[in-house]
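Shown next: coords16.txt, given as compact mmCIF, C-alpha atoms.
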# COMPACT_ATOMS: atom_id res chain seq x y z
CA MET J 249 30.85 -71.12 48.25
CA ALA J 250 29.14 -71.95 45.02
CA VAL J 251 27.80 -68.86 43.29
CA PRO J 252 24.01 -69.24 43.26
CA CYS J 253 22.11 -69.82 40.09
CA VAL J 254 20.02 -67.04 38.68
CA ALA J 255 16.46 -66.22 39.65
CA GLN J 256 15.03 -62.86 38.64
CA GLN J 257 15.70 -61.78 35.11
CA VAL J 258 15.33 -58.41 33.45
CA PRO J 259 11.91 -57.69 32.01
CA GLY J 260 12.09 -57.31 28.27
CA LYS J 261 14.50 -60.23 27.93
CA LYS J 262 11.66 -62.79 27.97
CA ALA J 263 12.44 -63.51 31.57
CA HIS J 264 10.92 -63.15 35.00
CA LYS J 265 10.54 -59.72 36.54
CA GLY J 266 11.76 -59.22 40.11
CA PRO J 267 9.33 -58.53 42.96
CA ALA J 268 7.63 -55.18 43.03
CA ALA J 269 9.34 -52.60 45.21
CA PRO J 270 7.38 -51.47 48.26
CA ALA J 271 6.64 -47.81 48.82
CA GLY J 272 9.84 -45.87 49.22
CA GLY J 273 11.75 -47.72 46.55
CA VAL J 274 13.40 -50.33 48.77
CA THR J 275 13.12 -53.90 47.67
CA ILE J 276 13.73 -56.90 49.90
CA THR J 277 14.79 -59.86 47.76
CA PRO J 278 15.45 -63.52 48.57
CA SER J 279 18.98 -64.37 49.70
CA ALA J 280 18.96 -67.82 48.09
CA PRO J 281 17.33 -67.57 44.65
CA ALA J 282 16.36 -70.66 42.73
CA ALA J 283 17.80 -71.68 39.36
CA PRO J 284 16.00 -70.29 36.30
CA ALA J 285 13.25 -72.40 34.83
CA ILE J 286 14.18 -73.85 31.45
CA GLY J 287 11.06 -74.60 29.47
CA ASN J 288 12.79 -76.29 26.55
CA VAL J 289 13.53 -79.87 27.60
CA GLU J 290 16.28 -80.40 25.03
CA GLU J 291 18.07 -77.19 25.95
CA GLY J 292 17.65 -78.01 29.63
CA GLN J 293 19.40 -81.31 29.01
CA LYS J 294 22.25 -79.55 27.23
CA VAL J 295 22.66 -77.19 30.15
CA ALA J 296 22.84 -80.16 32.55
CA GLU J 297 25.49 -81.79 30.40
CA ILE J 298 27.62 -78.63 30.29
CA GLN J 299 27.24 -78.21 34.04
CA ALA J 300 28.62 -81.72 34.49
CA VAL J 301 31.60 -80.83 32.30
CA LEU J 302 32.22 -77.72 34.41
CA ALA J 303 31.95 -79.72 37.64
CA ALA J 304 34.52 -82.17 36.25
CA GLY J 305 37.02 -79.32 35.89
CA GLU J 306 37.10 -79.35 32.08
CA PHE J 307 36.88 -75.59 31.84
CA ASP J 308 37.86 -75.07 28.20
CA LYS J 309 35.41 -77.73 27.09
CA ALA J 310 32.65 -76.14 29.20
CA ILE J 311 33.42 -72.70 27.72
CA GLU J 312 33.24 -74.02 24.17
CA ALA J 313 29.95 -75.84 24.81
CA ALA J 314 28.39 -72.88 26.60
CA ASN J 315 29.30 -70.53 23.74
CA THR J 316 27.74 -72.94 21.26
CA LEU J 317 24.56 -73.16 23.32
CA LEU J 318 24.34 -69.37 23.50
CA LYS J 319 24.30 -69.18 19.71
CA THR J 320 21.51 -71.74 19.31
CA ALA J 321 19.36 -71.54 22.45
CA ARG J 322 15.90 -70.01 22.31
CA ASP J 323 15.00 -70.47 25.94
CA GLU J 324 15.99 -67.43 28.04
CA GLY J 325 16.65 -69.58 31.10
CA ALA J 326 19.06 -71.73 29.08
CA LYS J 327 20.85 -68.63 27.80
CA THR J 328 21.22 -67.24 31.30
CA GLU J 329 22.58 -70.52 32.61
CA ALA J 330 25.03 -70.73 29.71
CA ILE J 331 26.38 -67.29 30.61
CA ARG J 332 26.66 -68.35 34.25
CA ILE J 333 28.65 -71.41 33.19
CA LEU J 334 30.94 -69.20 31.10
CA ALA J 335 31.53 -66.89 34.04
CA GLU J 336 32.28 -69.77 36.39
CA ALA J 337 34.52 -71.58 33.92
CA TYR J 338 36.62 -68.51 33.15
CA ARG J 339 36.99 -67.78 36.87
CA LYS J 340 37.92 -71.36 37.72
CA LYS J 341 40.39 -71.29 34.86
CA GLY J 342 41.96 -68.08 36.18
CA ASP J 343 41.06 -65.89 33.21
CA TRP J 344 39.99 -62.92 35.32
CA ARG J 345 39.35 -60.51 32.44
CA GLN J 346 37.03 -62.85 30.55
CA ALA J 347 35.36 -63.90 33.80
CA ALA J 348 34.69 -60.26 34.72
CA THR J 349 33.08 -59.65 31.33
CA ALA J 350 30.90 -62.75 31.68
CA TYR J 351 29.77 -61.90 35.22
CA GLN J 352 28.90 -58.35 34.14
CA ARG J 353 26.92 -59.76 31.25
CA LEU J 354 25.22 -62.16 33.65
CA SER J 355 24.27 -59.34 36.03
CA GLU J 356 22.47 -57.58 33.19
CA ARG J 357 20.08 -60.51 32.82
CA PHE J 358 18.24 -59.54 36.00
CA ALA J 359 16.06 -56.79 37.41
CA LYS J 360 18.22 -53.88 38.56
CA ASP J 361 16.87 -54.08 42.11
CA SER J 362 17.58 -57.80 42.56
CA ASP J 363 20.26 -59.40 44.71
CA ASP J 364 21.38 -61.32 41.62
CA THR J 365 22.33 -58.13 39.79
CA THR J 366 24.13 -56.82 42.87
CA ARG J 367 26.06 -60.02 43.47
CA TYR J 368 27.15 -60.73 39.91
CA ALA J 369 28.08 -57.10 39.25
CA GLY J 370 30.06 -57.19 42.49
CA ILE J 371 31.96 -60.26 41.37
CA ALA J 372 32.72 -58.55 38.06
CA ASP J 373 34.03 -55.53 39.99
CA ILE J 374 36.25 -57.76 42.12
CA LEU J 375 37.67 -59.59 39.12
CA ARG J 376 38.38 -56.37 37.23
CA SER J 377 40.32 -55.16 40.27
CA SER J 378 42.32 -58.38 40.59
CA PRO J 379 44.80 -58.85 37.73
CA ALA J 380 46.83 -61.16 39.98
CA GLY J 381 43.79 -63.14 41.12
CA VAL J 382 43.99 -61.65 44.64
CA TYR J 383 41.40 -59.08 45.68
CA LEU J 384 42.03 -56.12 47.96
CA PRO J 385 39.52 -53.29 48.51
CA PRO J 386 40.25 -49.86 46.99
CA GLY J 387 43.02 -48.03 48.82
CA SER J 388 44.86 -51.21 49.79
CA PRO J 389 48.46 -51.87 48.65
CA ALA J 390 48.74 -53.60 45.30
CA ALA J 391 48.31 -57.34 45.53
CA LYS J 392 51.19 -59.61 44.60
CA ALA J 393 50.75 -62.72 42.52
CA PRO J 394 50.08 -65.72 44.75
CA THR J 395 52.80 -68.28 45.21
CA ALA J 396 52.53 -71.62 43.45
CA GLY J 397 49.55 -73.44 44.86
CA GLY J 398 48.34 -70.27 46.61
CA GLN J 399 44.67 -69.46 46.77
CA THR J 400 43.14 -67.15 44.18
CA LEU J 401 39.65 -65.98 43.28
CA ALA J 402 39.18 -69.26 41.45
CA ASP J 403 38.49 -70.69 44.91
CA ASP J 404 34.86 -70.22 46.01
CA THR J 405 35.84 -69.52 49.61
CA VAL J 406 38.30 -66.81 48.53
CA LEU J 407 35.60 -65.26 46.35
CA ALA J 408 33.17 -65.24 49.28
CA GLU J 409 35.78 -63.47 51.42
CA ALA J 410 36.36 -60.94 48.63
CA LEU J 411 32.63 -60.19 48.43
CA THR J 412 32.57 -59.56 52.17
CA LYS J 413 35.58 -57.22 51.86
CA LEU J 414 33.90 -55.31 49.04
CA ALA J 415 30.66 -55.04 51.02
CA ALA J 416 32.56 -53.85 54.10
CA PHE J 417 34.38 -51.18 52.08
CA ARG J 418 31.12 -49.86 50.66
CA GLY J 419 29.48 -49.93 54.08
CA SER J 420 32.33 -47.97 55.66
CA ARG J 421 31.60 -45.04 53.36
CA MET J 422 28.01 -44.73 54.53
CA LYS J 423 28.81 -42.81 57.70
CA THR J 424 29.64 -39.73 55.60
CA ARG J 425 25.91 -39.48 54.80
CA ILE J 426 24.87 -38.98 58.43
CA GLY J 427 25.40 -35.20 58.30
CA THR J 428 23.01 -34.75 55.37
CA ILE J 429 20.36 -36.85 57.10
CA THR J 430 20.57 -35.13 60.47
CA ARG J 431 20.40 -31.70 58.83
CA GLY J 432 16.99 -32.54 57.36
CA ALA J 433 14.59 -29.80 58.44
CA THR J 434 11.49 -31.96 57.91
CA PRO J 435 10.70 -35.68 58.19
CA GLN J 436 10.26 -35.72 54.41
CA LEU J 437 13.81 -34.45 53.86
CA VAL J 438 15.25 -36.88 56.40
CA VAL J 439 13.66 -39.90 54.75
CA ALA J 440 14.46 -38.63 51.24
CA ALA J 441 18.14 -38.56 52.26
CA LEU J 442 17.86 -42.00 53.88
CA MET J 443 16.29 -43.90 50.97
CA PRO J 444 19.41 -44.00 48.75
CA VAL J 445 21.41 -45.24 51.74
CA ALA J 446 18.82 -47.94 52.38
CA GLU J 447 19.23 -49.07 48.77
CA GLU J 448 23.00 -49.13 49.23
CA SER J 449 22.49 -51.25 52.34
CA ARG J 450 20.36 -53.71 50.39
CA GLN J 451 23.13 -54.02 47.85
CA ILE J 452 25.80 -54.44 50.54
CA PHE J 453 23.95 -57.30 52.23
CA GLY J 454 23.14 -58.70 48.78
CA LEU J 455 26.88 -58.90 48.13
CA SER J 456 27.50 -60.62 51.44
CA PRO J 457 25.06 -61.37 54.27
CA ASP J 458 28.14 -61.43 56.52
CA ALA J 459 29.09 -57.83 55.72
CA PRO J 460 29.72 -55.62 58.78
CA ALA J 461 26.57 -53.63 59.54
CA ASP J 462 28.12 -50.75 61.50
CA GLY J 463 27.64 -48.20 58.71
CA PRO J 464 23.98 -48.96 57.95
CA HIS J 465 23.16 -49.17 61.65
CA GLU J 466 24.71 -45.79 62.50
CA VAL J 467 22.97 -44.10 59.58
CA CYS J 468 19.62 -45.65 60.44
CA THR J 469 19.92 -44.71 64.11
CA ALA J 470 20.81 -41.12 63.18
CA ALA J 471 17.77 -40.92 60.90
CA GLY J 472 15.47 -42.37 63.55
CA ASN J 473 16.74 -39.96 66.20
CA ARG J 474 16.20 -37.02 63.87
CA LEU J 475 12.67 -38.19 63.00
CA GLN J 476 11.89 -38.50 66.70
CA THR J 477 13.11 -34.99 67.47
CA LEU J 478 11.15 -33.51 64.59
CA GLY J 479 8.12 -35.66 65.30
CA ASN J 480 7.87 -34.56 68.91
CA GLY J 481 7.62 -30.93 67.81
CA ILE J 482 5.28 -31.61 64.91
CA ILE J 483 2.85 -33.73 66.95
CA ALA J 484 2.71 -31.14 69.74
CA SER J 485 2.04 -28.40 67.17
CA LEU J 486 -0.68 -30.43 65.45
CA LYS J 487 -2.40 -31.20 68.76
CA ASN J 488 -2.31 -27.53 69.67
CA LYS J 489 -3.85 -26.62 66.32
CA LEU J 490 -6.50 -29.30 66.81
CA ASP J 491 -7.46 -27.82 70.19
CA LYS J 492 -7.89 -24.40 68.62
CA MET J 493 -9.88 -25.70 65.64
CA GLN J 494 -12.06 -28.08 67.63
CA PRO J 495 -14.87 -25.60 68.35
CA LYS J 496 -15.14 -24.84 64.64
CA MET J 497 -15.38 -28.53 63.69
CA VAL J 498 -18.65 -29.21 65.48
CA PRO J 499 -21.18 -30.45 62.88
CA TYR J 500 -23.81 -27.88 61.87
CA SER J 501 -22.45 -25.33 64.35
CA GLY J 502 -22.17 -22.64 61.69
CA GLY J 503 -18.85 -21.52 63.16
CA ILE J 504 -16.59 -22.54 60.28
CA THR J 505 -15.46 -20.44 57.32
CA ASN J 506 -14.16 -21.49 53.94
CA LEU J 507 -10.64 -20.50 55.04
CA ASP J 508 -11.04 -22.78 58.04
CA LYS J 509 -12.12 -25.62 55.77
CA THR J 510 -9.06 -25.14 53.58
CA GLU J 511 -6.78 -25.17 56.61
CA ILE J 512 -8.39 -28.32 57.98
CA THR J 513 -8.11 -30.08 54.61
CA ASN J 514 -4.47 -29.08 54.18
CA THR J 515 -3.59 -30.18 57.70
CA GLN J 516 -5.21 -33.55 57.18
CA ALA J 517 -3.22 -34.00 53.95
CA ALA J 518 0.00 -33.10 55.80
CA CYS J 519 -0.76 -35.71 58.47
CA LYS J 520 -1.34 -38.37 55.82
CA GLU J 521 1.94 -37.44 54.14
CA LEU J 522 3.73 -37.90 57.46
CA VAL J 523 2.14 -41.35 57.79
CA GLU J 524 3.68 -42.27 54.42
CA VAL J 525 7.05 -40.92 55.53
CA GLU J 526 6.99 -43.14 58.61
CA SER J 527 5.96 -46.13 56.47
CA LYS J 528 9.05 -45.64 54.33
CA PHE J 529 11.25 -45.52 57.42
CA GLN J 530 9.61 -48.72 58.69
CA GLN J 531 10.48 -50.42 55.42
CA ALA J 532 14.08 -49.21 55.54
CA LEU J 533 14.71 -50.63 59.02
CA PRO J 534 14.84 -54.35 58.10
CA VAL J 535 16.73 -53.58 54.90
CA MET J 536 19.47 -51.85 56.90
CA SER J 537 19.57 -54.39 59.74
CA GLY J 538 21.83 -57.00 58.17
CA LYS J 539 22.21 -60.15 60.22
CA GLY J 540 20.16 -59.95 63.38
CA ASP J 541 19.17 -56.96 65.46
CA TRP J 542 21.21 -54.18 66.96
CA PRO J 543 20.54 -52.44 70.30
CA ASP J 544 18.69 -49.47 68.79
CA LEU J 545 16.45 -51.45 66.44
CA ALA J 546 13.60 -52.22 68.84
CA ARG J 547 13.56 -48.60 70.04
CA LEU J 548 13.53 -47.22 66.49
CA GLN J 549 10.69 -49.55 65.51
CA LYS J 550 8.64 -48.61 68.59
CA GLU J 551 9.15 -44.87 68.17
CA CYS J 552 8.33 -45.05 64.47
CA ALA J 553 5.12 -47.00 65.14
CA GLU J 554 4.08 -44.45 67.79
CA ARG J 555 4.74 -41.47 65.51
CA LYS J 556 2.84 -43.12 62.69
CA ALA J 557 -0.11 -43.89 64.97
CA ASN J 558 -0.17 -40.27 66.16
CA TYR J 559 -0.18 -38.93 62.60
CA GLU J 560 -2.94 -41.38 61.60
CA GLN J 561 -5.05 -40.38 64.61
CA LEU J 562 -4.57 -36.68 63.89
CA ALA J 563 -5.45 -37.17 60.22
CA GLY J 564 -8.72 -38.69 61.42
CA ARG J 565 -9.45 -35.73 63.65
CA PHE J 566 -8.91 -32.95 61.11
CA ILE J 567 -12.23 -33.42 59.30
CA VAL J 568 -14.30 -30.68 57.70
CA PRO J 569 -17.65 -30.93 59.49
CA PRO J 570 -20.97 -31.03 57.64
CA SER J 571 -22.89 -27.75 57.61
CA TYR J 572 -26.36 -26.66 56.54
CA GLY J 573 -26.59 -26.56 52.79
CA GLY J 574 -22.94 -27.61 52.56
CA TYR J 575 -21.73 -24.08 53.23
CA GLY J 576 -20.14 -22.36 56.21
CA TRP J 577 -22.04 -19.61 57.98
In structure tokens, write the structure found in this file.
Amino acid sequence: MAVPCVAQQVPGKKAHKGPAAPAGGVTITPSAPAAPAIGNVEEGQKVAEIQAVLAAGEFDKAIEAANTLLKTARDEGAKTEAIRILAEAYRKKGDWRQAATAYQRLSERFAKDSDDTTRYAGIADILRSSPAGVYLPPGSPAAKAPTAGGQTLADDTVLAEALTKLAAFRGSRMKTRIGTITRGATPQLVVAALMPVAEESRQIFGLSPDAPADGPHEVCTAAGNRLQTLGNGIIASLKNKLDKMQPKMVPYSGGITNLDKTEITNTQAACKELVEVESKFQQALPVMSGKGDWPDLARLQKECAERKANYEQLAGRFIVPPSYGGYGW
């Protein structure tokens, strides 16, 4: 597994900004980013030459050349690629401490909500936790130094396995958040508790698309079930209120007061807020899915779409009617 080249760089570092986050703060980013564009032809050629040195296994030579390029380069893409080469060379060489520092530095070149930041910071975390070059998730027995010729994190396949282990460990902790979500007394509170977990899910699958999805799925299902329970009660209550207010909302009937108008306006605003809540849940669903669907996904999507449609319809029904002279009678 070759670590992918960089794509989205931190704004303010003369680099590309990552994609805008959709409502709710969850960003879905590409899983296979492209290499950074290097506008300076000469510096681009130098990067290509150093990459060839790295590919040839001349790690010390690649490190020296990359450090030199970092001191002289003006192009931000060239600088980012030089840091990537440093990180790779130190890891291939087996210098875990220097590699961890370089990967952390590399992660800081990107937007905080990008998969690049997540992945490179994750690699730095793994390397810091692996003084013997063998990664085990927190809580595991201390790793022993590999035997001569044994595989270490210098191997791309071993690194990929380590990223999956790290992602699985982080995902396993998600289930502790279910209680907070299911105790949410309103849809707003449920989704507010879910959003940080959705962001954690994005990071987990950014670390490794192959990460187990049990944790995110259980949390998402619990949130959807809670939203459905609350939604059933809220929609019934809103429809009941609509039936009672309907006679007062006949245009020019003269049967509406200013207090009625305020109540209608506030109820419409509440319905629109619930539409936004459901939109955020809709956006969280694919983020928390991981690879493929799970049995509850289609149901959660359908129920969410139905609740959202109900709230939208009700928002369109709670309308202050026109009256003579613009005033109630």
Notebook entry, point to check: In terms of the shortest atom-to-atom distance over only C-alpha atoms, which of J:Ile374, J:Ala441, J:Ala296, J:Leu401 is closest to Ala326 of chain J?
Noted result: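 Smallest distance to Ala326 of chain J is found for J:Ala296.
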Notebook entry, point to check: atom CA of Ala446 of chain J and atom CA of Met536 of chain J, how far apart in Å?
Noted result: 6.0 Å
Check: Quick one: distance from atom CA of Leu334 of chain J to atom CA of Asp361 of chain J in Å, one decimal?
Finding: 23.4 Å
Next item on the list: Provide the atom CA of Gly564 of chain J to atom CA of Val525 of chain J distance in Å, to one decimal place.
Entry: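 For atom CA of Gly564 of chain J relative to atom CA of Val525 of chain J, the distance reads 17.0 Å.
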Margin query: For Gly479 of chain J, find every residue with an atom within 12 Å (counting only C-alpha atoms), except residues of its own chain fewer than 6 positions away, and show them as a ChimeraX atom specification.
Written below: /J:433-436,438,471-473,485-487,519,522-523,525-526,551-559
Margin query: Just want the 12 Å neighbourhood of Pro569 of chain J, counted on all atoms listed in the file, with same-chain residues fewer than 6 positions away dropped. Output as a list in words.
Written below: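 Near neighbours after the sequence-gap exclusion: Met493, Gln494, Pro495, Lys496, Met497, Val498, Pro499, Tyr500, Ser501, Gly502, Gly503, Ile504, Thr505, Asn506, Asp508, Lys509, Thr510, Ile512, Thr513, Tyr575 and Gly576 of chain J.
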Note to self: Set the distance at 9 Å and use all atoms listed in the file: which residues neighbour Ile426 of chain J once local chain neighbours fewer than 4 positions away are removed? I'd like the list as an MDAnalysis selection string.
What the structure shows: chainID J and resid 422 430:431 442 466:468 470:471
Note to self: Which residues are close to segment 301-311 of chain J, i.e. within 12 Å by only C-alpha atoms, leaving aside same-chain residues fewer than 6 positions away? Reply as a list in words.
What the structure shows: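 Final neighbour list, sorted by chain and number: Ala250, Lys294, Val295, Leu317, Leu318, Ala330, Ile331, Arg332, Ile333, Leu334, Ala335, Glu336, Ala337, Tyr338, Arg339, Lys340, Lys341, Gly342, Asp343, Gln346, Ala347, Ala350 and Ala402 of chain J.
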Check: If we count only C-alpha atoms, what is near Glu356 of chain J at a cut-off of 9 Å, once residues fewer than 2 positions away on the same chain are taken out, given as a count of residues only?
Finding: 12
Check: Which of these, J:Asn315, J:Gln530, J:Thr320, J:Gln516, has the shortest distance to Gln561 of chain J once you count all atoms listed in the file?
Finding: J:Gln516
Centre and size of axis-aligned box enclosing segment 486-500 of chain J plus 8 Å each side, as JSON:
{"center_x": -12.2, "center_y": -27.8, "center_z": 66.0, "size_x": 39.1, "size_y": 22.8, "size_z": 24.3}
Check: Which is closer to Met443 of chain J than all the others in J:Ala518, J:Val535, J:Thr400, J:Ala459, using all atoms listed in the file?
Finding: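 Comparing J:Ala518, J:Val535, J:Thr400, J:Ala459 against Met443 of chain J, the winner is J:Val535.
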Margin query: Here is a test: counting all atoms listed in the file, which residue of J:Phe566, J:Gly427, J:Glu560, J:Glu409 is nearest to Arg474 of chain J?
Written below: J:Gly427
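Distance annotation: of J:Asp373, J:Glu329, J:Asp541, J:Glu447, the residue with the minimal separation from Thr349 of chain J is J:Asp373; atom set is all atoms listed in the file.
The shortest atom-to-atom distance to Lys413 of chain J, with all atoms listed in the file taken into account, belongs to J:Val382 out of J:Ala300, J:Val382, J:Leu475, J:Ala285.
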